[in-house]
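The file run.csv comes next; it holds CSV, C-alpha atoms.
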chain,number,residue,atom,x,y,z
A,30,MET,CA,0.0,0.0,0.0
A,31,PRO,CA,1.5,3.4,-1.0
A,32,GLN,CA,2.7,5.7,1.8
A,33,ILE,CA,1.3,9.2,2.1
A,34,PHE,CA,4.7,10.7,3.0
A,35,GLU,CA,7.6,10.1,0.7
A,36,TYR,CA,10.4,12.1,2.4
A,37,PHE,CA,11.2,14.2,5.4
A,38,VAL,CA,13.7,16.9,4.4
A,39,VAL,CA,15.7,19.4,6.3
A,40,CYS,CA,16.9,22.6,4.6
A,41,GLY,CA,19.0,25.5,5.9
A,42,ILE,CA,22.5,26.9,5.8
A,43,GLY,CA,25.0,24.3,4.4
A,44,PRO,CA,28.6,23.7,5.2
A,45,GLU,CA,29.7,26.0,2.3
A,46,ILE,CA,28.2,29.4,3.0
A,47,ARG,CA,27.3,31.6,0.0
A,48,THR,CA,25.3,34.7,-0.4
A,49,LEU,CA,22.4,34.9,-2.9
A,50,ASP,CA,24.8,36.6,-5.3
A,51,GLY,CA,27.4,33.8,-5.0
A,52,SER,CA,29.9,35.5,-2.6
A,53,ARG,CA,31.5,33.0,-0.3
A,54,GLY,CA,31.7,33.3,3.5
A,55,TYR,CA,29.8,35.1,6.2
A,56,HIS,CA,28.9,38.7,5.6
A,57,GLY,CA,26.8,39.6,8.6
A,58,THR,CA,23.1,39.3,9.7
A,59,ASP,CA,21.8,41.8,7.1
A,60,THR,CA,22.8,39.5,4.2
A,61,MET,CA,20.7,36.6,2.7
A,62,TYR,CA,22.4,33.3,2.0
A,63,LEU,CA,21.7,30.4,-0.3
A,64,PRO,CA,19.8,27.5,1.4
A,65,ALA,CA,20.9,23.9,1.0
A,66,LEU,CA,19.4,20.5,1.5
A,67,LEU,CA,21.0,19.3,4.8
A,68,ASP,CA,19.5,15.9,5.3
A,69,GLN,CA,16.6,13.7,4.3
A,70,TYR,CA,14.8,10.5,5.3
A,71,PRO,CA,14.9,8.0,3.7
A,72,HIS,CA,18.0,8.6,1.6
A,73,SER,CA,17.3,8.5,-2.1
A,74,ASN,CA,19.2,5.2,-2.7
A,75,ASN,CA,17.0,3.5,0.0
A,76,SER,CA,13.6,4.9,-1.2
A,77,LEU,CA,10.9,3.5,-3.4
A,78,TYR,CA,10.2,7.0,-4.7
A,79,PRO,CA,12.1,9.4,-7.0
A,80,PRO,CA,14.5,11.7,-5.1
A,81,PRO,CA,13.2,15.2,-4.0
A,82,PRO,CA,13.6,17.9,-6.6
A,83,PRO,CA,17.1,19.4,-6.6
A,84,GLN,CA,15.6,22.9,-6.3
A,85,LEU,CA,13.6,22.0,-3.2
A,86,SER,CA,15.7,24.0,-0.8
A,87,THR,CA,15.3,27.2,-2.9
A,88,CYS,CA,11.5,26.6,-3.1
A,89,VAL,CA,10.9,26.1,0.6
A,90,LEU,CA,13.2,29.1,1.6
A,91,PRO,CA,12.7,31.4,-1.4
A,92,ALA,CA,14.0,34.5,0.3
A,93,GLY,CA,17.1,32.7,1.4
A,94,VAL,CA,18.6,32.0,4.8
A,95,GLN,CA,19.3,34.8,7.3
A,96,PHE,CA,21.4,34.8,10.5
A,97,HIS,CA,20.0,36.1,13.7
A,98,SER,CA,21.4,37.1,17.1
A,99,SER,CA,18.5,35.3,18.9
A,100,GLY,CA,16.1,32.5,18.5
A,101,CYS,CA,12.3,32.6,19.0
A,102,ASP,CA,11.5,35.8,20.9
A,103,SER,CA,8.0,36.3,22.4
A,104,ASN,CA,8.3,40.0,21.7
A,105,ASP,CA,9.1,39.6,18.1
A,106,LEU,CA,6.4,38.0,15.9
A,107,THR,CA,8.8,37.7,12.9
A,108,SER,CA,10.9,35.2,15.0
A,109,PHE,CA,8.0,32.8,15.5
A,110,PRO,CA,8.0,29.5,13.5
A,111,ARG,CA,6.0,29.7,10.2
A,112,SER,CA,4.0,26.9,8.7
A,113,TYR,CA,3.1,27.0,5.0
A,114,PRO,CA,2.6,24.6,2.1
A,115,ILE,CA,4.0,24.8,-1.4
A,116,VAL,CA,3.3,22.8,-4.6
A,117,LEU,CA,5.9,22.0,-7.3
A,118,THR,CA,5.0,20.8,-10.8
A,119,GLU,CA,7.2,18.2,-12.5
A,120,GLY,CA,8.0,18.2,-16.2
A,121,ASP,CA,5.3,15.7,-16.9
A,122,GLY,CA,2.7,17.8,-15.1
A,123,SER,CA,2.6,15.7,-11.9
A,124,LYS,CA,2.4,17.6,-8.6
A,125,ILE,CA,4.7,17.4,-5.5
A,126,TYR,CA,3.0,18.6,-2.3
A,127,VAL,CA,5.3,19.9,0.4
A,128,SER,CA,4.4,21.1,3.9
A,129,CYS,CA,7.0,23.3,5.6
A,130,ILE,CA,7.8,24.7,9.0
A,131,ALA,CA,10.5,27.4,9.0
A,132,PHE,CA,12.1,28.5,12.3
A,133,ARG,CA,15.3,29.8,13.8
A,134,ASP,CA,17.8,27.1,14.9
A,135,ARG,CA,21.2,27.5,16.6
A,136,VAL,CA,24.1,27.5,14.2
A,137,CYS,CA,26.3,24.4,14.3
A,138,GLY,CA,29.4,25.1,16.3
A,139,ASP,CA,31.8,23.8,13.6
A,140,ILE,CA,30.3,26.1,11.0
A,141,ALA,CA,30.3,29.1,13.4
A,142,GLU,CA,34.0,28.5,14.1
A,143,ALA,CA,35.0,27.9,10.5
A,144,TYR,CA,33.3,31.1,9.3
A,145,ARG,CA,33.9,33.2,12.5
A,146,ILE,CA,30.2,33.6,13.1
A,147,PRO,CA,29.4,35.0,16.6
A,148,SER,CA,28.7,32.4,19.1
A,149,ASP,CA,25.1,31.7,20.0
A,150,SER,CA,23.9,32.8,16.6
A,151,PHE,CA,20.8,31.4,14.9
A,152,ALA,CA,19.9,30.8,11.3
A,153,ASP,CA,16.7,30.0,9.4
A,154,LYS,CA,16.0,26.3,9.0
A,155,CYS,CA,13.0,24.6,7.3
A,156,ILE,CA,11.7,21.0,7.9
A,157,CYS,CA,9.5,19.5,5.2
A,158,LEU,CA,7.2,16.6,4.5
A,159,VAL,CA,7.1,15.7,0.8
A,160,SER,CA,4.1,13.8,-0.7
A,161,ARG,CA,2.3,13.1,-3.9
A,162,SER,CA,-1.1,13.4,-2.2
A,163,PRO,CA,-2.7,16.9,-1.9
A,164,SER,CA,-3.7,16.3,1.7
A,165,PHE,CA,-2.5,19.6,3.1
A,166,ARG,CA,-4.2,19.2,6.5
A,167,ILE,CA,-2.6,15.8,7.3
A,168,LEU,CA,0.7,17.1,6.0
A,169,ARG,CA,0.6,20.1,8.2
A,170,GLU,CA,-0.7,18.3,11.3
A,171,ALA,CA,2.0,15.6,11.1
A,172,LEU,CA,4.8,18.1,10.5
A,173,GLU,CA,3.6,20.3,13.4
A,174,GLU,CA,3.6,17.2,15.7
A,175,ILE,CA,7.2,16.3,14.5
A,176,TYR,CA,8.3,19.9,15.3
A,177,ILE,CA,6.8,19.8,18.8
A,178,LEU,CA,8.3,16.4,19.6
A,179,CYS,CA,11.8,17.0,18.2
A,180,PHE,CA,12.6,20.7,17.6
A,181,ALA,CA,10.6,22.8,20.1
A,182,THR,CA,12.1,23.5,23.5
A,183,SER,CA,10.1,20.8,25.2
A,184,GLY,CA,10.8,18.3,22.5
A,185,SER,CA,12.9,15.3,23.7
A,186,ARG,CA,12.1,12.4,21.4
A,187,PRO,CA,14.8,11.1,19.0
A,188,LEU,CA,14.2,12.8,15.7
A,189,TRP,CA,14.9,9.8,13.3
A,190,GLU,CA,12.8,7.5,15.5
A,191,VAL,CA,9.8,9.7,15.0
A,192,ILE,CA,10.5,10.3,11.3
A,193,SER,CA,10.9,6.6,10.6
A,194,PHE,CA,7.5,5.8,12.1
A,195,VAL,CA,5.8,8.6,10.2
A,196,ILE,CA,7.3,7.8,6.8
A,197,SER,CA,6.9,4.0,7.0
A,198,LYS,CA,3.6,3.5,9.0
A,199,VAL,CA,1.2,6.2,7.6
A,200,CYS,CA,-0.2,4.7,4.4
A,201,LEU,CA,-2.9,5.9,2.0
A,202,PRO,CA,-6.2,4.2,2.3
A,203,ALA,CA,-8.1,2.7,-0.6
A,204,PRO,CA,-10.1,5.2,-2.8
A,205,GLY,CA,-13.3,6.2,-1.0
A,206,LYS,CA,-12.0,5.0,2.4
A,207,GLU,CA,-10.5,6.7,5.5
A,208,ARG,CA,-7.6,5.6,7.7
A,209,CYS,CA,-6.6,6.8,11.1
A,210,CYS,CA,-3.1,6.8,12.7
A,211,LEU,CA,-2.0,7.8,16.2
A,212,LEU,CA,1.2,9.9,16.2
A,213,GLU,CA,2.2,10.4,19.8
A,214,ASN,CA,-0.7,12.5,21.1
A,215,SER,CA,-2.3,13.4,17.8
A,216,LEU,CA,-4.9,11.3,15.9
A,217,LEU,CA,-4.3,11.7,12.1
A,218,ALA,CA,-7.2,10.9,9.7
A,219,VAL,CA,-6.3,10.3,6.1
A,220,GLU,CA,-9.0,10.0,3.4
A,221,VAL,CA,-8.9,9.5,-0.4
A,222,PRO,CA,-11.8,10.3,-2.7
A,223,SER,CA,-13.4,7.5,-4.8
A,224,LYS,CA,-12.1,7.1,-8.3
A,225,ASP,CA,-15.3,8.7,-9.8
A,226,SER,CA,-15.1,11.8,-7.6
A,227,LEU,CA,-13.4,15.1,-8.3
A,228,PRO,CA,-9.6,15.3,-7.5
A,229,HIS,CA,-8.8,15.8,-3.8
A,230,ALA,CA,-7.8,19.3,-2.8
A,231,ASP,CA,-7.7,19.6,1.0
A,232,ILE,CA,-7.2,23.4,1.1
A,233,SER,CA,-9.5,26.3,1.8
A,234,PHE,CA,-10.2,29.3,-0.5
A,235,GLN,CA,-10.8,31.6,2.4
A,236,HIS,CA,-7.4,33.2,2.6
A,237,LEU,CA,-7.4,34.0,-1.1
A,238,VAL,CA,-10.9,35.5,-1.0
A,239,GLN,CA,-9.8,37.6,1.9
A,240,CYS,CA,-6.7,38.9,0.1
A,241,LEU,CA,-8.5,39.8,-3.2
A,242,ASP,CA,-10.7,42.8,-3.6
A,243,VAL,CA,-14.1,42.4,-5.3
A,244,ASP,CA,-12.9,43.4,-8.8
A,245,ASN,CA,-10.0,40.9,-8.8
A,246,LEU,CA,-12.2,38.2,-7.3
A,247,ILE,CA,-14.7,38.6,-10.2
A,248,LYS,CA,-11.9,38.6,-12.7
A,249,LEU,CA,-10.5,35.4,-11.1
A,250,PHE,CA,-13.9,33.7,-11.3
A,251,ILE,CA,-14.4,34.7,-15.0
A,252,ALA,CA,-10.8,33.6,-15.9
A,253,VAL,CA,-11.4,30.1,-14.3
A,254,LEU,CA,-14.7,29.7,-16.2
A,255,LEU,CA,-13.0,30.7,-19.5
A,256,GLU,CA,-10.0,28.4,-18.7
A,257,ARG,CA,-7.6,31.4,-19.1
A,258,ARG,CA,-4.1,31.3,-17.8
A,259,ILE,CA,-3.8,32.8,-14.4
A,260,LEU,CA,-0.7,34.2,-12.7
A,261,LEU,CA,-1.0,34.8,-9.0
A,262,ARG,CA,1.7,36.9,-7.2
A,263,SER,CA,1.9,37.3,-3.4
A,264,ASP,CA,4.4,37.7,-0.6
A,265,LYS,CA,2.3,35.3,1.5
A,266,TYR,CA,3.6,31.8,1.6
A,267,PHE,CA,0.2,30.3,2.5
A,268,LEU,CA,-1.3,31.5,-0.8
A,269,PHE,CA,1.1,29.6,-3.0
A,270,PRO,CA,-0.9,26.3,-3.2
A,271,PHE,CA,-4.2,27.9,-4.0
A,272,LYS,CA,-4.0,26.7,-7.5
A,273,CYS,CA,-4.4,23.1,-6.2
A,274,GLY,CA,-8.0,23.9,-5.6
A,275,MET,CA,-8.3,24.9,-9.2
A,276,GLN,CA,-7.2,21.6,-10.7
A,277,HIS,CA,-10.9,20.7,-11.1
A,278,PHE,CA,-10.9,23.1,-14.0
A,279,THR,CA,-7.4,22.6,-15.6
A,280,ALA,CA,-4.7,20.1,-15.2
A,281,ARG,CA,-1.6,22.2,-15.9
A,282,ILE,CA,-1.2,25.2,-13.6
A,283,GLY,CA,2.3,25.6,-12.2
A,284,ASN,CA,3.5,27.8,-9.4
A,285,ALA,CA,7.0,28.8,-8.1
A,286,PRO,CA,8.2,31.2,-5.4
A,287,SER,CA,9.4,33.6,-8.1
A,288,VAL,CA,8.8,34.2,-11.7
A,289,PRO,CA,11.7,33.0,-13.9
A,290,GLN,CA,13.3,35.2,-16.5
A,291,GLU,CA,11.1,33.9,-19.3
A,292,GLY,CA,8.1,34.9,-17.1
A,293,ASP,CA,7.7,38.1,-19.1
A,294,GLU,CA,6.4,36.1,-22.0
A,295,ILE,CA,4.1,34.2,-19.7
A,296,ALA,CA,2.8,37.3,-18.1
A,297,LYS,CA,1.7,38.8,-21.5
A,298,GLU,CA,-0.9,36.0,-21.8
A,299,ALA,CA,-1.8,35.9,-18.1
A,300,LEU,CA,-4.3,37.5,-16.0
A,301,VAL,CA,-2.3,39.0,-13.2
A,302,LEU,CA,-3.9,39.3,-9.8
A,303,CYS,CA,-1.6,40.9,-7.3
A,304,LYS,CA,-2.6,41.7,-3.8
A,305,LYS,CA,0.0,42.1,-1.1

Turn this file's structure into structure tokens for me.
Amino acid sequence: MPQIFEYFVVCGIGPEIRTLDGSRGYHGTDTMYLPALLDQYPHSNNSLYPPPPPQLSTCVLPAGVQFHSSGCDSNDLTSFPRSYPIVLTEGDGSKIYVSCIAFRDRVCGDIAEAYRIPSDSFADKCICLVSRSPSFRILREALEEIYILCFATSGSRPLWEVISFVISKVCLPAPGKERCCLLENSLLAVEVPSKDSLPHADISFQHLVQCLDVDNLIKLFIAVLLERRILLRSDKYFLFPFKCGMQHFTARIGNAPSVPQEGDEIAKEALVLCKK
């Protein structure tokens, strides 16, 4: 029976520190650095699934990695952990669904010493669950439980023991059925629609509706009915996977954290809805 989670991935600052423009070394806390894939479970050579996309670290941390003088600060909302999903489109049109939690983690002592980074510094890190099933709720709930158990201050469980259980024991039910799994103190319920139902899209339209004004919401509705190409731009991570809910109308809608260089040609044909 296929598993709902393919990989657990950790992204952050790698052993070779580079800025976004390619300069090597540490250049202070005001500079953004290239993220790297630090670890994953299972390793690609021991998995039944294709390896995670090579650009995954850039997609889950699109703004880059920043160093900080402190970790989570109750007086600074920007220092709190952030939970958000992203969706990647493969060359064949298949989707990869990723749930992410980004937070500040203490910089490894060896890296701090090698690059002369101040002691007790923190850097952005992101943990991810990768799946081929658009079950955003179960992905988010499982990842939040992993974060609480293994990364939060009160977490004390061995990381890979928890990850091994989640990856290997939580399986997709048969179409039209539901399966429940107990993860520590959380009960996770997974369901798959029947084969003759619409594709599953476990995500709410509420955030998108709240961010768009009336005129753009009407334009969006008309564009979907006319099957026009739509380009959504936002600085809010949680809006990225909205297009998954639109797969009932069209099978090929891609999204990425930033528009590539050839995006100018795409934008000429697209309806741009931008609300920050």

**Study point:** Test item: residues at most 7 Å from Val127 in chain A, all atoms listed in the file, excluding those fewer than 6 positions along its chain, as a PyMOL selection string
**Key:** chain A and resi 114-116+157-160

Would you output that residue set with C-alpha atoms, as a short mmCIF file (atom, residue, chain, number, x, y, z; two decimals), keeping the file's coordinate frame?
data_model
loop_
_atom_site.label_atom_id
_atom_site.label_comp_id
_atom_site.auth_asym_id
_atom_site.auth_seq_id
_atom_site.Cartn_x
_atom_site.Cartn_y
_atom_site.Cartn_z
CA PRO A 114 2.60 24.60 2.10
CA ILE A 115 4.00 24.80 -1.40
CA VAL A 116 3.30 22.80 -4.60
CA CYS A 157 9.50 19.50 5.20
CA LEU A 158 7.20 16.60 4.50
CA VAL A 159 7.10 15.70 0.80
CA SER A 160 4.10 13.80 -0.70
#

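Our summary of the geometry notes that CA of Asp242 in chain A is positioned 26.5 Å from CA of Arg166 in chain A.
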
Exercise for review: Go ahead and find all residues with at least one atom no further than 10 Å from (13.7, 11.5, 14.3) in the file's coordinates, using only C-alpha atoms; report them as a list in words.
Suggested key: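 The residues that fall inside the cut-off are Phe37, Tyr70, Ile175, Leu178, Cys179, Phe180, Arg186, Pro187, Leu188, Trp189, Glu190, Val191, Ile192, Ser193, Phe194 and Val195 of chain A.
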
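The spacing separating CA of Phe132 in chain A from CA of Lys154 in chain A amounts to 5.6 Å.
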
Revision key, fill the gap. Residue with the minimum atom-to-atom distance to Pro147 in chain A, picked from A:Arg161, A:Arg169, A:Lys124, A:His56 with only C-alpha atoms counted, is A:His56

Review point. What's the 8 Å shell around Val94 in chain A, counting all atoms listed in the file, without same-chain residues fewer than 6 positions away, as a list in words?
Key: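 Selected residues are Gly41, Ile42, Met61, Tyr62, Leu63, Pro64, Ala152, Asp153 and Lys154 of chain A.
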
**Study point:** Residue among A:Ala143, A:Cys137, A:Leu255, A:Ile125 lying closest to Ser164 in chain A, counting only C-alpha atoms
**Key:**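 Smallest distance to Ser164 in chain A is found for A:Ile125.
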
Point to revise | Near-Arg133 in chain A list (10 Å; all atoms listed in the file; drop same-chain fewer than 6 positions) as a VMD selection string | key: chain A and resid 41 94 to 97 99 to 101 108 to 111 150 to 155

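Residue nearest Glu119 in chain A, chosen from A:Leu261, A:Leu85, A:Leu90, A:Cys240 and counting only C-alpha atoms: A:Leu85.
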
Check your understanding: Hey, can you check how far CA of Arg145 in chain A sits from CA of Gly51 in chain A?
Key -> 18.7 Å

Revision key, fill the gap. Among A:Ser123, A:Ser128, A:Leu237, A:Glu35, Arg262 in chain A is approached most closely, using all atoms listed in the file, by A:Leu237

Reconstruct range 128-146 of chain A at the level of N, CA, C and O atoms, and format the result as a PDB file, in the frame of the given file.
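Result went into out_8.pdb, see below:
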ATOM      1  N   SER A 128       4.754  20.282   2.772  1.00  0.00           N
ATOM      2  CA  SER A 128       4.400  21.100   3.900  1.00  0.00           C
ATOM      3  C   SER A 128       5.664  21.496   4.644  1.00  0.00           C
ATOM      4  O   SER A 128       6.583  20.689   4.817  1.00  0.00           O
ATOM      5  N   CYS A 129       5.742  22.764   5.039  1.00  0.00           N
ATOM      6  CA  CYS A 129       7.000  23.300   5.600  1.00  0.00           C
ATOM      7  C   CYS A 129       6.745  24.002   6.923  1.00  0.00           C
ATOM      8  O   CYS A 129       5.686  24.579   7.160  1.00  0.00           O
ATOM      9  N   ILE A 130       7.743  23.932   7.774  1.00  0.00           N
ATOM     10  CA  ILE A 130       7.800  24.700   9.000  1.00  0.00           C
ATOM     11  C   ILE A 130       9.194  25.379   9.007  1.00  0.00           C
ATOM     12  O   ILE A 130      10.213  24.675   9.070  1.00  0.00           O
ATOM     13  N   ALA A 131       9.244  26.714   8.919  1.00  0.00           N
ATOM     14  CA  ALA A 131      10.500  27.400   9.000  1.00  0.00           C
ATOM     15  C   ALA A 131      10.665  28.060  10.353  1.00  0.00           C
ATOM     16  O   ALA A 131       9.712  28.614  10.907  1.00  0.00           O
ATOM     17  N   PHE A 132      11.854  27.960  10.899  1.00  0.00           N
ATOM     18  CA  PHE A 132      12.100  28.500  12.300  1.00  0.00           C
ATOM     19  C   PHE A 132      13.581  28.799  12.399  1.00  0.00           C
ATOM     20  O   PHE A 132      14.397  28.490  11.514  1.00  0.00           O
ATOM     21  N   ARG A 133      13.928  29.433  13.481  1.00  0.00           N
ATOM     22  CA  ARG A 133      15.300  29.800  13.800  1.00  0.00           C
ATOM     23  C   ARG A 133      15.946  28.658  14.595  1.00  0.00           C
ATOM     24  O   ARG A 133      15.391  28.255  15.614  1.00  0.00           O
ATOM     25  N   ASP A 134      17.101  28.188  14.150  1.00  0.00           N
ATOM     26  CA  ASP A 134      17.800  27.100  14.900  1.00  0.00           C
ATOM     27  C   ASP A 134      19.236  27.571  15.124  1.00  0.00           C
ATOM     28  O   ASP A 134      19.829  28.327  14.342  1.00  0.00           O
ATOM     29  N   ARG A 135      19.810  27.073  16.195  1.00  0.00           N
ATOM     30  CA  ARG A 135      21.200  27.500  16.600  1.00  0.00           C
ATOM     31  C   ARG A 135      22.165  27.005  15.503  1.00  0.00           C
ATOM     32  O   ARG A 135      22.074  25.882  14.989  1.00  0.00           O
ATOM     33  N   VAL A 136      23.113  27.856  15.165  1.00  0.00           N
ATOM     34  CA  VAL A 136      24.100  27.500  14.200  1.00  0.00           C
ATOM     35  C   VAL A 136      25.080  26.488  14.715  1.00  0.00           C
ATOM     36  O   VAL A 136      25.507  26.566  15.874  1.00  0.00           O
ATOM     37  N   CYS A 137      25.378  25.495  13.888  1.00  0.00           N
ATOM     38  CA  CYS A 137      26.300  24.400  14.300  1.00  0.00           C
ATOM     39  C   CYS A 137      27.640  25.053  14.714  1.00  0.00           C
ATOM     40  O   CYS A 137      28.163  25.967  14.075  1.00  0.00           O
ATOM     41  N   GLY A 138      28.211  24.532  15.800  1.00  0.00           N
ATOM     42  CA  GLY A 138      29.400  25.100  16.300  1.00  0.00           C
ATOM     43  C   GLY A 138      30.604  25.012  15.367  1.00  0.00           C
ATOM     44  O   GLY A 138      31.419  25.948  15.284  1.00  0.00           O
ATOM     45  N   ASP A 139      30.697  23.925  14.586  1.00  0.00           N
ATOM     46  CA  ASP A 139      31.800  23.800  13.600  1.00  0.00           C
ATOM     47  C   ASP A 139      31.693  24.849  12.524  1.00  0.00           C
ATOM     48  O   ASP A 139      32.704  25.429  12.111  1.00  0.00           O
ATOM     49  N   ILE A 140      30.460  25.104  12.041  1.00  0.00           N
ATOM     50  CA  ILE A 140      30.300  26.100  11.000  1.00  0.00           C
ATOM     51  C   ILE A 140      30.569  27.513  11.572  1.00  0.00           C
ATOM     52  O   ILE A 140      31.224  28.344  10.922  1.00  0.00           O
ATOM     53  N   ALA A 141      30.098  27.768  12.783  1.00  0.00           N
ATOM     54  CA  ALA A 141      30.300  29.100  13.400  1.00  0.00           C
ATOM     55  C   ALA A 141      31.839  29.320  13.565  1.00  0.00           C
ATOM     56  O   ALA A 141      32.334  30.432  13.313  1.00  0.00           O
ATOM     57  N   GLU A 142      32.570  28.303  13.957  1.00  0.00           N
ATOM     58  CA  GLU A 142      34.000  28.500  14.100  1.00  0.00           C
ATOM     59  C   GLU A 142      34.729  28.632  12.805  1.00  0.00           C
ATOM     60  O   GLU A 142      35.626  29.470  12.671  1.00  0.00           O
ATOM     61  N   ALA A 143      34.316  27.857  11.798  1.00  0.00           N
ATOM     62  CA  ALA A 143      35.000  27.900  10.500  1.00  0.00           C
ATOM     63  C   ALA A 143      34.796  29.248   9.818  1.00  0.00           C
ATOM     64  O   ALA A 143      35.713  29.747   9.140  1.00  0.00           O
ATOM     65  N   TYR A 144      33.633  29.868   9.982  1.00  0.00           N
ATOM     66  CA  TYR A 144      33.300  31.100   9.300  1.00  0.00           C
ATOM     67  C   TYR A 144      33.358  32.342  10.234  1.00  0.00           C
ATOM     68  O   TYR A 144      32.947  33.428   9.849  1.00  0.00           O
ATOM     69  N   ARG A 145      33.825  32.118  11.472  1.00  0.00           N
ATOM     70  CA  ARG A 145      33.900  33.200  12.500  1.00  0.00           C
ATOM     71  C   ARG A 145      32.593  33.901  12.670  1.00  0.00           C
ATOM     72  O   ARG A 145      32.500  35.130  12.694  1.00  0.00           O
ATOM     73  N   ILE A 146      31.558  33.079  12.812  1.00  0.00           N
ATOM     74  CA  ILE A 146      30.200  33.600  13.100  1.00  0.00           C
ATOM     75  C   ILE A 146      30.107  33.737  14.619  1.00  0.00           C
ATOM     76  O   ILE A 146      30.565  32.869  15.361  1.00  0.00           O
TER      77      ILE A 146
END
